[in-house]
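Take a look at the structure set out below.
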Amino acid sequence: MIHIDPWEKTWVYIVGLLIVVMLGSILYTAFANSIHPPSNVETIDSASLHLSKEFAEDNLGVKTRADGSVTVTMVAARYGFYPQRIEVPANTPIRFRIASLDVVHGLHIPETNLATMVIPGFVSEVNTTIPKPGEYPLFCNEYCGLGHHYMWSRVTVTPDTTTN
Amino acid sequence: MNNNAKPVGLALTHMWVAFAVFLLAAVLGFYQVLERAELIPALTWDEGYYLSVTAHGVIMAFVFTTFFIVGFGYYTAATSLERSLWNPPLAWAGFWTMMLGVLLAVYALFTGQATVLYTFYPPMTAHWTFYVGAALLVVGSIAWIVIMIVMTWQWKKDNPGQPVPLPMFGTTTNAILWLWTLIGVAVEVVFQLIPLSLGWVDTVDVGLARTLFAWTLHPIVYFWLIPAYLALYMFVPKAAGGRLFSDEMARVAFIMLLIFGLPIGFHHLYMDPFQAAGWKLLHGFGTFMVAIPTLITGFTVIASLELAARLRGGKGLFGWLKALPWNNSMVLAAVLALLLLTAGGFGGMINASYAMNAMVHNTAWVPGHFHLIFGGTTVIMYFAIAYYLWPSLTGKTLYSERMARTQLWLWFIGILVLTLPWHALGLMGQPRRIASIPYDTPLVQAWDPYEYGMVLGGVIMTIAAALFVWNLFMTHRRGAAAGHREVEYAQPVHPVLKLPGPLNGFALWNWILAVYMIVDFGAPLLQFFFIETFDATSWGW
């Protein structure tokens with residue numbers, strides 16, 4: 001067998017423990033708290049979004065469902081998110097559904113975990129709640145062409161009136 | 001070893017190409033940081049910015065690294081095995097293929113027909129010369145892979161039962177890693193992007209393209225990093241005046257980089273909708289495993305340094321640090337590289353974290369992270385390797401040792417001044433890859449001071465880049481003739497006389513890797529043929 005110094009062996013055990021703790025916390029949050037990255041594997045024909053029921057222009061925007069939770073339907077296209085201004089309540093489950101009309105885009109509301117890539121041919125879905133009311137930008141964070149940095153929207157998070 | 005037998009011309013030619021394009025890309029980087037800070041309104045130019053970002057990324061990540069690694073590999077093979085290079089004409093054919101590829105890509109880039117960034121995600125499409133150029137760069141590097149594998153195989157045949165010298169074992173690991181790595185992007189470029197750019201097909205499946213790119217995108221960083229680790233193992237202990245703490249653990253680390261470095265690319269796809277959560281979790285698992293060889297390397301290298309310092313009379317728990325030969329550029333670079341690796345590794349753990357990644361994904365944090373770990377750890381060791389090899393390659397003493405030390409410190413400081421604010425900007429939500437900051441929202445006002453900090457970092461790094469190339473140029477041109485210095489490799493504390501087969505060869509690991517790759521990429525790739533997917537709209541981008 002190979003020669004390993006006892007100190008190095010101890011170090012390898014410490015490293016192993018470190019990895020177990022880190023992977024353990026990830027597995028715990030994934031399965032106990034159901035925290036997963038957006039992974040819904042749902043296809044859509046980006047060339048005919050306007051003909052689809054969900055992503056036709058008239059159906060975009062914020063809708064409140066019977067249980068009080070909110071669904072936001074959006075389209076990303078060079079160089080904007082449509083609708084360009086939305087209002088959602090704080091502390092309320094939000095389901096974001098978004099599709100790209102053209103190239104790859106990314107969506108992120110800073111200081112929240114509301115983030116996903118928007119890939120032509122697929123519907124991205126993110127479920128989250130935003131705890132803090134305020135004015136937020138919603139940025140495109142994947143290079144989508146020479147106007148990439150002009151691609152952003154405004155999100156107003158209103159104080160949640162139902163719980164107060 | 002007889003100097004005529006060393007592939008000096010090959011090594012020097014490859015490395016000069018690497019360092020010349022490095023300087024060009026460094027200047028482009030400085031332009032970008034200055035343009036984006038909006039200090040000089042006349043510089044604001046969206047088209048120029050994105051063209052520059054594409055050229056900077058392509059050159060630094062693909063051209064600079066590949067030429068350096070190939071040239072360094074040839075020299076390491078000949079000097080560590082003490083035999084002349086196998087098939088130099090093949091090596092030169094590889095070099096010219098790579099050069100042709102670079103010229104084609106440069107044409108597309110600098111005529112503004114390939115402003116697709118270095119990740120070239122479809123359906124955005126560049127001129128066909130960009131993809132054919134990239135393909136030729138990869139094809140040329142295959143000559144190097146073949147030569148490394150053949151030389152190791154021949155040496156093993158001539159020395160049955162003997163351990164392959166560690167420098168060559170590491171270099172061959174890297175050649176095999178690169179062979180596995182390039183498959184993903186090669187399939188994407190040949191079957192999707194070249195046909196798309198030539199108009200043979202109207203559009204492509206973007207999910208499939210991104211999955212193939214992810215195959216390559218992670219292990220390629222180990223292709224860049226392994227030469228830096230090699231220097232830490234094979235040059236640093238000797239330069240510090242000691243021995244390598246453990247030869248066997250170095251081999252274990254290389255093998256682990258090969259096995260765990262490859263099947264983990266989906267941590268680049270955590271935020272993508274077309275792969276299911278379970279696959280991402282599986283790749284996330286491997287991503288944490290790959291921290292192990294890095295932590296082993298840290299231990300072995302620091303233990304080697306401590307051993308050397310104590311041999312030089314160093315005392316105390318940390319007092320031995322004072323006894324290190326700080327005026328030796330190899331030792332200095334190693335310490336600075338390990339410090340940057342610690343900081344960068346910490347950030348990497350955050351990126352790798354399956355769910356936490358959402359907070360930093362595609363923000364300025366990400367380029368901050370990879371500049372710290374690639375520009376920091378990896379490139380600083382490339383500098384040290386060049387300073388060490390230049391006298392051996394040119395037969396002249398280094399033009400200025402002092403300039404070399406100053407340059408390493410400047411680069412180290414510059415990297416920190418550049419990347420710490422960059423990370424902070426990411427946490428404040430700044431998206432990556434933006435030419436200017438047109439957002440009219442209060443959050444954005446807090447970004448300014450960090451932007452200015454980055455400009456200062458850019459100034460320092462550009463000066464350091466110029467000093468580096470100047471020192472090498474003056475050595476080559478004007479250095480005092482001193483005869484070709486021999487390359488000296490560190491000896492291990494415990495000489496390795498016999499090794500178990502798996503630590504002296506790759507057959508077993510290739511089989512394991514084949515199974516691991518099929519498990520990790522098989523279904524995720526095949527799904528695009530089983531489910532009904534829609535290609536991107538074919539309007540031409």
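Identifiers for the structure tokens are assigned positionally: chains receive A, B, ... in sequence, residues are indexed from 1 per chain, and ligands are indexed from 1 in the order shown.
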Quick one: everything within 12 Å of Thr29 (chain A), counting only C-alpha atoms, minus sequence neighbours fewer than 5 positions away in the same chain. Send it as an MDAnalysis selection string. (chainID A and resid 22:24 34:37) or (chainID B and resid 281 353:356)
Distance query Arg154 (chain A) at most 6 Å, only C-alpha atoms, self and fewer than 3 positions along chain excluded, as a PyMOL selection string: chain A and resi 85+136-138
How would the residues just chosen look if you wrote them out with all heavy atoms as a PDB file, in the first residue's frame?
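New file result_0.pdb:
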```
ATOM      1  N   ARG A  85     -43.833  46.463 -15.965  1.00  0.00           N
ATOM      2  CA  ARG A  85     -43.967  46.920 -14.591  1.00  0.00           C
ATOM      3  C   ARG A  85     -44.989  46.015 -13.924  1.00  0.00           C
ATOM      4  O   ARG A  85     -46.096  45.845 -14.438  1.00  0.00           O
ATOM      5  CB  ARG A  85     -44.477  48.355 -14.611  1.00  0.00           C
ATOM      6  CG  ARG A  85     -44.217  49.157 -13.380  1.00  0.00           C
ATOM      7  CD  ARG A  85     -44.816  50.515 -13.585  1.00  0.00           C
ATOM      8  NE  ARG A  85     -43.858  51.467 -14.138  1.00  0.00           N
ATOM      9  CZ  ARG A  85     -43.065  52.231 -13.399  1.00  0.00           C
ATOM     10  NH1 ARG A  85     -43.110  52.153 -12.082  1.00  0.00           N
ATOM     11  NH2 ARG A  85     -42.244  53.086 -13.954  1.00  0.00           N
ATOM     12  N   TYR A 136     -38.197  47.140  -6.533  1.00  0.00           N
ATOM     13  CA  TYR A 136     -37.087  46.283  -6.938  1.00  0.00           C
ATOM     14  C   TYR A 136     -36.888  46.388  -8.448  1.00  0.00           C
ATOM     15  O   TYR A 136     -37.867  46.453  -9.195  1.00  0.00           O
ATOM     16  CB  TYR A 136     -37.368  44.816  -6.616  1.00  0.00           C
ATOM     17  CG  TYR A 136     -37.402  44.469  -5.146  1.00  0.00           C
ATOM     18  CD1 TYR A 136     -38.542  44.707  -4.392  1.00  0.00           C
ATOM     19  CD2 TYR A 136     -36.300  43.892  -4.536  1.00  0.00           C
ATOM     20  CE1 TYR A 136     -38.585  44.371  -3.046  1.00  0.00           C
ATOM     21  CE2 TYR A 136     -36.330  43.549  -3.184  1.00  0.00           C
ATOM     22  CZ  TYR A 136     -37.477  43.790  -2.445  1.00  0.00           C
ATOM     23  OH  TYR A 136     -37.511  43.450  -1.133  1.00  0.00           O
ATOM     24  N   PRO A 137     -35.644  46.343  -8.883  1.00  0.00           N
ATOM     25  CA  PRO A 137     -35.430  46.139 -10.310  1.00  0.00           C
ATOM     26  C   PRO A 137     -35.482  44.643 -10.613  1.00  0.00           C
ATOM     27  O   PRO A 137     -35.270  43.814  -9.718  1.00  0.00           O
ATOM     28  CB  PRO A 137     -34.023  46.677 -10.538  1.00  0.00           C
ATOM     29  CG  PRO A 137     -33.340  46.532  -9.224  1.00  0.00           C
ATOM     30  CD  PRO A 137     -34.386  46.533  -8.146  1.00  0.00           C
ATOM     31  N   LEU A 138     -35.795  44.306 -11.827  1.00  0.00           N
ATOM     32  CA  LEU A 138     -35.715  42.913 -12.278  1.00  0.00           C
ATOM     33  C   LEU A 138     -34.771  42.947 -13.489  1.00  0.00           C
ATOM     34  O   LEU A 138     -35.102  43.536 -14.516  1.00  0.00           O
ATOM     35  CB  LEU A 138     -37.115  42.435 -12.661  1.00  0.00           C
ATOM     36  CG  LEU A 138     -37.316  40.980 -13.085  1.00  0.00           C
ATOM     37  CD1 LEU A 138     -38.776  40.595 -12.902  1.00  0.00           C
ATOM     38  CD2 LEU A 138     -36.897  40.712 -14.501  1.00  0.00           C
TER      39      LEU A 138
END
```
Can you tell me, as a list in words, what residues are no more than 12 Å from Asp448 (chain B) when counting only C-alpha atoms, ignoring any on the same chain fewer than 5 positions away? Arg36, Ala37, Glu38, Leu39, Pro421, Trp422, Ala424, Leu425, Met428, Gln430, Ser436, Ile437, Pro442, Leu443, Gly453, Met454 and Val455 of chain B
For those residues, write all heavy atoms to a file as a tab-separated table (two decimals), in the first residue's frame.
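Output saved as result.tsv:
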```
chain	number	residue	atom	x	y	z
B	36	ARG	N	-16.85	50.54	-18.23
B	36	ARG	CA	-18.05	50.24	-17.47
B	36	ARG	C	-18.23	51.16	-16.26
B	36	ARG	O	-19.35	51.38	-15.80
B	36	ARG	CB	-18.04	48.79	-17.02
B	36	ARG	CG	-19.41	48.20	-16.86
B	36	ARG	CD	-19.29	46.72	-16.80
B	36	ARG	NE	-18.28	46.38	-15.80
B	36	ARG	CZ	-18.56	45.82	-14.65
B	36	ARG	NH1	-19.79	45.51	-14.35
B	36	ARG	NH2	-17.61	45.53	-13.80
B	37	ALA	N	-17.11	51.70	-15.73
B	37	ALA	CA	-17.21	52.60	-14.58
B	37	ALA	C	-17.79	53.94	-14.99
B	37	ALA	O	-18.14	54.75	-14.14
B	37	ALA	CB	-15.84	52.77	-13.94
B	38	GLU	N	-17.87	54.20	-16.29
B	38	GLU	CA	-18.47	55.44	-16.81
B	38	GLU	C	-17.78	56.69	-16.31
B	38	GLU	O	-18.40	57.72	-16.11
B	38	GLU	CB	-19.97	55.47	-16.51
B	38	GLU	CG	-20.70	54.31	-17.18
B	38	GLU	CD	-22.19	54.26	-16.89
B	38	GLU	OE1	-22.55	54.46	-15.73
B	38	GLU	OE2	-22.96	54.01	-17.82
B	39	LEU	N	-16.47	56.59	-16.05
B	39	LEU	CA	-15.70	57.76	-15.61
B	39	LEU	C	-15.40	58.68	-16.78
B	39	LEU	O	-15.31	59.88	-16.64
B	39	LEU	CB	-14.37	57.31	-14.98
B	39	LEU	CG	-14.44	56.76	-13.56
B	39	LEU	CD1	-13.14	56.08	-13.18
B	39	LEU	CD2	-14.76	57.88	-12.58
B	421	PRO	N	-14.30	44.06	-4.69
B	421	PRO	CA	-15.47	44.87	-5.03
B	421	PRO	C	-16.39	44.17	-6.04
B	421	PRO	O	-17.61	44.35	-6.00
B	421	PRO	CB	-14.88	46.13	-5.66
B	421	PRO	CG	-13.44	46.12	-5.37
B	421	PRO	CD	-13.04	44.73	-5.04
B	422	TRP	N	-15.80	43.38	-6.90
B	422	TRP	CA	-16.58	42.68	-7.93
B	422	TRP	C	-17.57	41.70	-7.26
B	422	TRP	O	-18.74	41.63	-7.60
B	422	TRP	CB	-15.64	41.92	-8.86
B	422	TRP	CG	-16.07	41.83	-10.29
B	422	TRP	CD1	-17.31	42.06	-10.79
B	422	TRP	CD2	-15.24	41.49	-11.41
B	422	TRP	NE1	-17.32	41.88	-12.15
B	422	TRP	CE2	-16.06	41.52	-12.56
B	422	TRP	CE3	-13.90	41.14	-11.55
B	422	TRP	CZ2	-15.57	41.23	-13.84
B	422	TRP	CZ3	-13.42	40.85	-12.81
B	422	TRP	CH2	-14.23	40.90	-13.95
B	424	ALA	N	-18.63	42.02	-4.21
B	424	ALA	CA	-19.59	42.84	-3.48
B	424	ALA	C	-20.69	43.33	-4.42
B	424	ALA	O	-21.88	43.30	-4.07
B	424	ALA	CB	-18.87	44.02	-2.82
B	425	LEU	N	-20.31	43.75	-5.61
B	425	LEU	CA	-21.30	44.21	-6.59
B	425	LEU	C	-22.30	43.10	-6.91
B	425	LEU	O	-23.49	43.35	-7.08
B	425	LEU	CB	-20.60	44.65	-7.88
B	425	LEU	CG	-19.95	46.04	-7.84
B	425	LEU	CD1	-19.03	46.23	-9.04
B	425	LEU	CD2	-21.02	47.12	-7.82
B	428	MET	N	-24.81	42.84	-4.37
B	428	MET	CA	-25.75	43.95	-4.48
B	428	MET	C	-26.58	43.85	-5.77
B	428	MET	O	-27.23	44.81	-6.16
B	428	MET	CB	-25.01	45.28	-4.44
B	428	MET	CG	-24.46	45.58	-3.05
B	428	MET	SD	-23.78	47.25	-2.95
B	428	MET	CE	-22.19	47.01	-3.67
B	430	GLN	N	-25.73	43.34	-9.03
B	430	GLN	CA	-25.30	43.75	-10.38
B	430	GLN	C	-25.21	42.54	-11.31
B	430	GLN	O	-24.51	41.58	-11.01
B	430	GLN	CB	-23.94	44.46	-10.32
B	430	GLN	CG	-23.57	44.99	-11.70
B	430	GLN	CD	-22.22	45.70	-11.72
B	430	GLN	OE1	-21.20	45.10	-12.00
B	430	GLN	NE2	-22.23	46.98	-11.42
B	436	SER	N	-22.80	49.11	-19.60
B	436	SER	CA	-22.89	50.33	-18.80
B	436	SER	C	-24.03	50.12	-17.81
B	436	SER	O	-24.63	49.04	-17.77
B	436	SER	CB	-23.15	51.54	-19.70
B	436	SER	OG	-24.38	51.37	-20.38
B	437	ILE	N	-24.32	51.15	-17.05
B	437	ILE	CA	-25.27	50.98	-15.95
B	437	ILE	C	-26.41	51.97	-16.14
B	437	ILE	O	-26.44	53.02	-15.50
B	437	ILE	CB	-24.54	51.15	-14.60
B	437	ILE	CG1	-23.43	50.10	-14.53
B	437	ILE	CG2	-25.51	50.97	-13.43
B	437	ILE	CD1	-22.45	50.30	-13.41
B	442	PRO	N	-32.74	53.09	-7.10
B	442	PRO	CA	-31.88	53.52	-5.99
B	442	PRO	C	-30.74	52.54	-5.69
B	442	PRO	O	-29.62	52.94	-5.39
B	442	PRO	CB	-32.84	53.61	-4.80
B	442	PRO	CG	-34.21	53.64	-5.37
B	442	PRO	CD	-34.16	53.05	-6.73
B	443	LEU	N	-31.05	51.25	-5.79
B	443	LEU	CA	-30.05	50.20	-5.50
B	443	LEU	C	-28.74	50.45	-6.25
B	443	LEU	O	-27.65	50.21	-5.73
B	443	LEU	CB	-30.65	48.85	-5.92
B	443	LEU	CG	-29.72	47.65	-5.93
B	443	LEU	CD1	-29.57	47.09	-4.53
B	443	LEU	CD2	-30.22	46.57	-6.87
B	453	GLY	N	-13.21	51.14	-7.39
B	453	GLY	CA	-12.22	50.23	-6.82
B	453	GLY	C	-11.71	49.26	-7.88
B	453	GLY	O	-10.50	48.99	-8.00
B	454	MET	N	-12.64	48.75	-8.69
B	454	MET	CA	-12.25	47.81	-9.74
B	454	MET	C	-11.33	48.45	-10.77
B	454	MET	O	-10.43	47.79	-11.29
B	454	MET	CB	-13.50	47.26	-10.44
B	454	MET	CG	-14.26	46.25	-9.61
B	454	MET	SD	-15.73	45.65	-10.47
B	454	MET	CE	-15.00	44.81	-11.87
B	455	VAL	N	-11.56	49.74	-11.06
B	455	VAL	CA	-10.68	50.42	-12.02
B	455	VAL	C	-9.24	50.44	-11.48
B	455	VAL	O	-8.29	50.14	-12.20
B	455	VAL	CB	-11.16	51.87	-12.31
B	455	VAL	CG1	-10.18	52.59	-13.21
B	455	VAL	CG2	-12.54	51.83	-12.95
```
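With CA of Phe346 (chain B) on one side and CA of Pro273 (chain B) on the other, the separation reads 26.7 Å.
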Can you pull out every residue within 10 Å of Leu307 (chain B), counting only C-alpha atoms, but drop anything in the same chain fewer than 6 positions away, and send it as a list in words? Pro237, Ala240, Gly241, Gly242, Arg243, Leu244, Phe245, Val301, Gly313, Gly314, Trp320, Leu324 and Val493 of chain B
For region 43-60 of chain A, list every protein, DNA or RNA residue within 7 Å, evaluated using only C-alpha atoms, and leave out those in the same chain fewer than 2 positions away; present the list as a ChimeraX atom specification. /A:41,73-75,83,100-101,120-123 /B:533-534,536-537
If you run DSSP on this backbone, which residues of chain A come out as helix (DSSP H, G or I), and could you give them as a ChimeraX atom specification? /A:6-31,46-51,57-59,148-150
Grab the residues selected above and save them as a compact mmCIF listing (two decimals), in the first residue's frame with N, CA, C and O atoms.
```
# COMPACT_ATOMS: atom_id res chain seq x y z
N PRO A 6 0.63 10.23 8.98
CA PRO A 6 -0.52 10.26 9.90
C PRO A 6 -1.20 11.64 9.96
O PRO A 6 -2.42 11.72 10.05
N TRP A 7 -0.40 12.71 9.89
CA TRP A 7 -1.00 14.05 9.90
C TRP A 7 -1.87 14.26 8.67
O TRP A 7 -2.95 14.83 8.75
N GLU A 8 -1.34 13.79 7.54
CA GLU A 8 -2.11 13.98 6.30
C GLU A 8 -3.39 13.15 6.35
O GLU A 8 -4.44 13.58 5.88
N LYS A 9 -3.28 11.96 6.96
CA LYS A 9 -4.46 11.10 7.09
C LYS A 9 -5.53 11.82 7.92
O LYS A 9 -6.70 11.85 7.56
N THR A 10 -5.09 12.44 9.03
CA THR A 10 -6.03 13.19 9.87
C THR A 10 -6.69 14.29 9.05
O THR A 10 -7.90 14.51 9.13
N TRP A 11 -5.87 14.98 8.28
CA TRP A 11 -6.39 16.07 7.45
C TRP A 11 -7.46 15.56 6.48
O TRP A 11 -8.50 16.18 6.30
N VAL A 12 -7.18 14.41 5.87
CA VAL A 12 -8.15 13.85 4.91
C VAL A 12 -9.47 13.55 5.61
O VAL A 12 -10.55 13.81 5.07
N TYR A 13 -9.39 13.04 6.86
CA TYR A 13 -10.64 12.79 7.60
C TYR A 13 -11.39 14.10 7.87
O TYR A 13 -12.60 14.17 7.77
N ILE A 14 -10.62 15.14 8.24
CA ILE A 14 -11.27 16.45 8.51
C ILE A 14 -11.96 16.95 7.24
O ILE A 14 -13.10 17.41 7.28
N VAL A 15 -11.26 16.82 6.12
CA VAL A 15 -11.83 17.26 4.84
C VAL A 15 -13.10 16.47 4.54
O VAL A 15 -14.13 17.04 4.15
N GLY A 16 -13.03 15.16 4.77
CA GLY A 16 -14.20 14.31 4.52
C GLY A 16 -15.39 14.77 5.36
O GLY A 16 -16.51 14.89 4.87
N LEU A 17 -15.12 15.08 6.62
CA LEU A 17 -16.17 15.53 7.53
C LEU A 17 -16.79 16.84 7.04
O LEU A 17 -18.00 17.02 7.03
N LEU A 18 -15.91 17.73 6.61
CA LEU A 18 -16.34 19.03 6.09
C LEU A 18 -17.30 18.85 4.91
O LEU A 18 -18.36 19.48 4.83
N ILE A 19 -16.92 17.96 4.00
CA ILE A 19 -17.74 17.71 2.81
C ILE A 19 -19.09 17.11 3.22
O ILE A 19 -20.14 17.49 2.70
N VAL A 20 -19.04 16.17 4.19
CA VAL A 20 -20.28 15.53 4.64
C VAL A 20 -21.22 16.58 5.24
O VAL A 20 -22.42 16.60 4.97
N VAL A 21 -20.65 17.50 6.05
CA VAL A 21 -21.49 18.53 6.69
C VAL A 21 -22.11 19.43 5.61
O VAL A 21 -23.31 19.72 5.64
N MET A 22 -21.30 19.84 4.63
CA MET A 22 -21.81 20.74 3.60
C MET A 22 -22.86 20.06 2.73
O MET A 22 -23.93 20.62 2.48
N LEU A 23 -22.56 18.82 2.30
CA LEU A 23 -23.54 18.11 1.47
C LEU A 23 -24.79 17.79 2.29
O LEU A 23 -25.90 17.85 1.78
N GLY A 24 -24.58 17.49 3.58
CA GLY A 24 -25.70 17.21 4.47
C GLY A 24 -26.64 18.40 4.55
O GLY A 24 -27.87 18.23 4.47
N SER A 25 -26.08 19.61 4.65
CA SER A 25 -26.97 20.78 4.76
C SER A 25 -27.73 21.01 3.46
O SER A 25 -28.88 21.42 3.47
N ILE A 26 -27.05 20.73 2.34
CA ILE A 26 -27.73 20.90 1.05
C ILE A 26 -28.88 19.88 0.91
O ILE A 26 -29.99 20.23 0.55
N LEU A 27 -28.57 18.63 1.26
CA LEU A 27 -29.60 17.60 1.17
C LEU A 27 -30.75 17.91 2.12
O LEU A 27 -31.93 17.73 1.79
N TYR A 28 -30.43 18.40 3.32
CA TYR A 28 -31.46 18.72 4.29
C TYR A 28 -32.40 19.80 3.76
O TYR A 28 -33.62 19.64 3.75
N THR A 29 -31.81 20.92 3.27
CA THR A 29 -32.66 22.01 2.78
C THR A 29 -33.42 21.57 1.53
O THR A 29 -34.53 22.03 1.30
N ALA A 30 -32.81 20.69 0.74
CA ALA A 30 -33.48 20.25 -0.48
C ALA A 30 -34.70 19.40 -0.14
O ALA A 30 -35.78 19.61 -0.70
N PHE A 31 -34.52 18.44 0.79
CA PHE A 31 -35.62 17.50 1.03
C PHE A 31 -36.53 17.90 2.19
O PHE A 31 -37.74 17.71 2.12
N SER A 46 -41.24 28.53 -28.83
CA SER A 46 -41.00 29.96 -28.67
C SER A 46 -41.46 30.76 -29.88
O SER A 46 -41.71 31.96 -29.78
N ALA A 47 -41.57 30.11 -31.04
CA ALA A 47 -41.95 30.83 -32.25
C ALA A 47 -43.44 31.17 -32.26
O ALA A 47 -43.88 32.03 -33.01
N SER A 48 -44.21 30.51 -31.40
CA SER A 48 -45.65 30.78 -31.43
C SER A 48 -46.18 31.08 -30.03
O SER A 48 -47.28 30.66 -29.67
N LEU A 49 -45.40 31.81 -29.25
CA LEU A 49 -45.85 32.17 -27.91
C LEU A 49 -47.16 32.95 -27.97
O LEU A 49 -48.04 32.77 -27.14
N HIS A 50 -47.26 33.82 -28.98
CA HIS A 50 -48.43 34.67 -29.09
C HIS A 50 -49.70 33.86 -29.37
O HIS A 50 -50.80 34.34 -29.19
N LEU A 51 -49.54 32.63 -29.84
CA LEU A 51 -50.70 31.79 -30.12
C LEU A 51 -51.01 30.87 -28.93
O LEU A 51 -52.06 30.24 -28.89
N GLU A 57 -50.35 37.85 -25.36
CA GLU A 57 -50.13 39.15 -24.75
C GLU A 57 -51.18 39.51 -23.70
O GLU A 57 -50.87 40.02 -22.63
N ASP A 58 -52.44 39.18 -24.00
CA ASP A 58 -53.52 39.56 -23.10
C ASP A 58 -53.46 38.84 -21.75
O ASP A 58 -54.06 39.30 -20.78
N ASN A 59 -52.79 37.71 -21.75
CA ASN A 59 -52.79 36.92 -20.51
C ASN A 59 -51.57 37.14 -19.63
O ASN A 59 -51.43 36.53 -18.59
N HIS A 148 -28.18 44.23 -24.08
CA HIS A 148 -28.41 43.42 -22.86
C HIS A 148 -28.60 44.27 -21.61
O HIS A 148 -29.51 44.03 -20.80
N HIS A 149 -27.75 45.29 -21.44
CA HIS A 149 -27.81 46.06 -20.20
C HIS A 149 -29.01 47.00 -20.14
O HIS A 149 -29.27 47.60 -19.11
N TYR A 150 -29.73 47.15 -21.25
CA TYR A 150 -30.96 47.96 -21.20
C TYR A 150 -32.18 47.13 -20.83
O TYR A 150 -33.27 47.64 -20.71
```
Contacts of Val496 (chain B) at 10 Å or less, counting only C-alpha atoms, minus same-chain residues fewer than 3 places along, as a PyMOL selection string? (chain A and resi 2-3) or (chain B and resi 162-166+246-248+491-493+499)
Applying 9 Å and only C-alpha atoms, which residues near Val118 (chain A) remain after dropping the ones on its own chain fewer than 6 positions away? List them as a VMD selection string. (chain A and resid 76 98 to 100 103 to 107 124 142) or (chain B and resid 271 to 273)
Take the selection from the previous step and output its residues with C-alpha atoms, as an mmCIF file, in the first residue's frame.
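Writing the result to selection02.cif gives the following:
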```
data_model
loop_
_atom_site.group_PDB
_atom_site.id
_atom_site.type_symbol
_atom_site.label_atom_id
_atom_site.label_comp_id
_atom_site.auth_asym_id
_atom_site.auth_seq_id
_atom_site.Cartn_x
_atom_site.Cartn_y
_atom_site.Cartn_z
ATOM 1 C CA ALA A 76 -38.631 37.892 -22.096
ATOM 2 C CA ILE A 98 -41.667 33.029 -17.999
ATOM 3 C CA ALA A 99 -40.728 32.118 -21.576
ATOM 4 C CA SER A 100 -38.291 33.604 -24.081
ATOM 5 C CA VAL A 103 -32.459 34.128 -27.347
ATOM 6 C CA VAL A 104 -31.257 33.080 -23.882
ATOM 7 C CA HIS A 105 -32.052 35.547 -21.106
ATOM 8 C CA GLY A 106 -31.675 35.486 -17.339
ATOM 9 C CA LEU A 107 -33.925 36.927 -14.683
ATOM 10 C CA SER A 124 -39.064 28.571 -16.561
ATOM 11 C CA GLU A 142 -27.472 36.732 -19.282
ATOM 12 C CA MET B 271 -30.778 27.919 -12.905
ATOM 13 C CA ASP B 272 -31.707 26.356 -16.262
ATOM 14 C CA PRO B 273 -35.233 24.982 -16.671
#
```
Ranking A:Pro159, A:Gly145, A:Gly68, A:Pro110 by minimum distance to chain B and counting only C-alpha atoms, which one comes first? A:Pro110
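The two atoms in question, CA of Val70 (chain A) and CA of Ile94 (chain A), are spaced 4.8 Å apart.
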What separation in Å, quoted to one decimal, exists between CA of Leu85 (chain B) and CA of Ala143 (chain B)? 12.4 Å
Could you check the closest approach to Pro89 (chain A) for each of A:Asn33, A:Asn141, A:Thr156, A:Asn40 and tell me which residue wins, using only C-alpha atoms? A:Thr156
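Using only C-alpha atoms for every distance, the candidate list B:Phe19, B:Trp365, B:Tyr229, B:Trp96 yields B:Trp365 as the residue closest to chain A.
Comparing the minimum interatomic distances between His423 (chain B) and each of B:Leu372, B:Ala93, B:Ala358, B:Ile518, counting only C-alpha atoms, we find that B:Leu372 sits nearest.
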Residue set, chain A restricted to strand (DSSP E), as a VMD selection string: chain A and resid 42 to 43 61 to 64 70 to 77 80 to 82 85 to 89 94 to 100 105 to 108 115 to 118 122 to 128 134 to 139 152 to 158
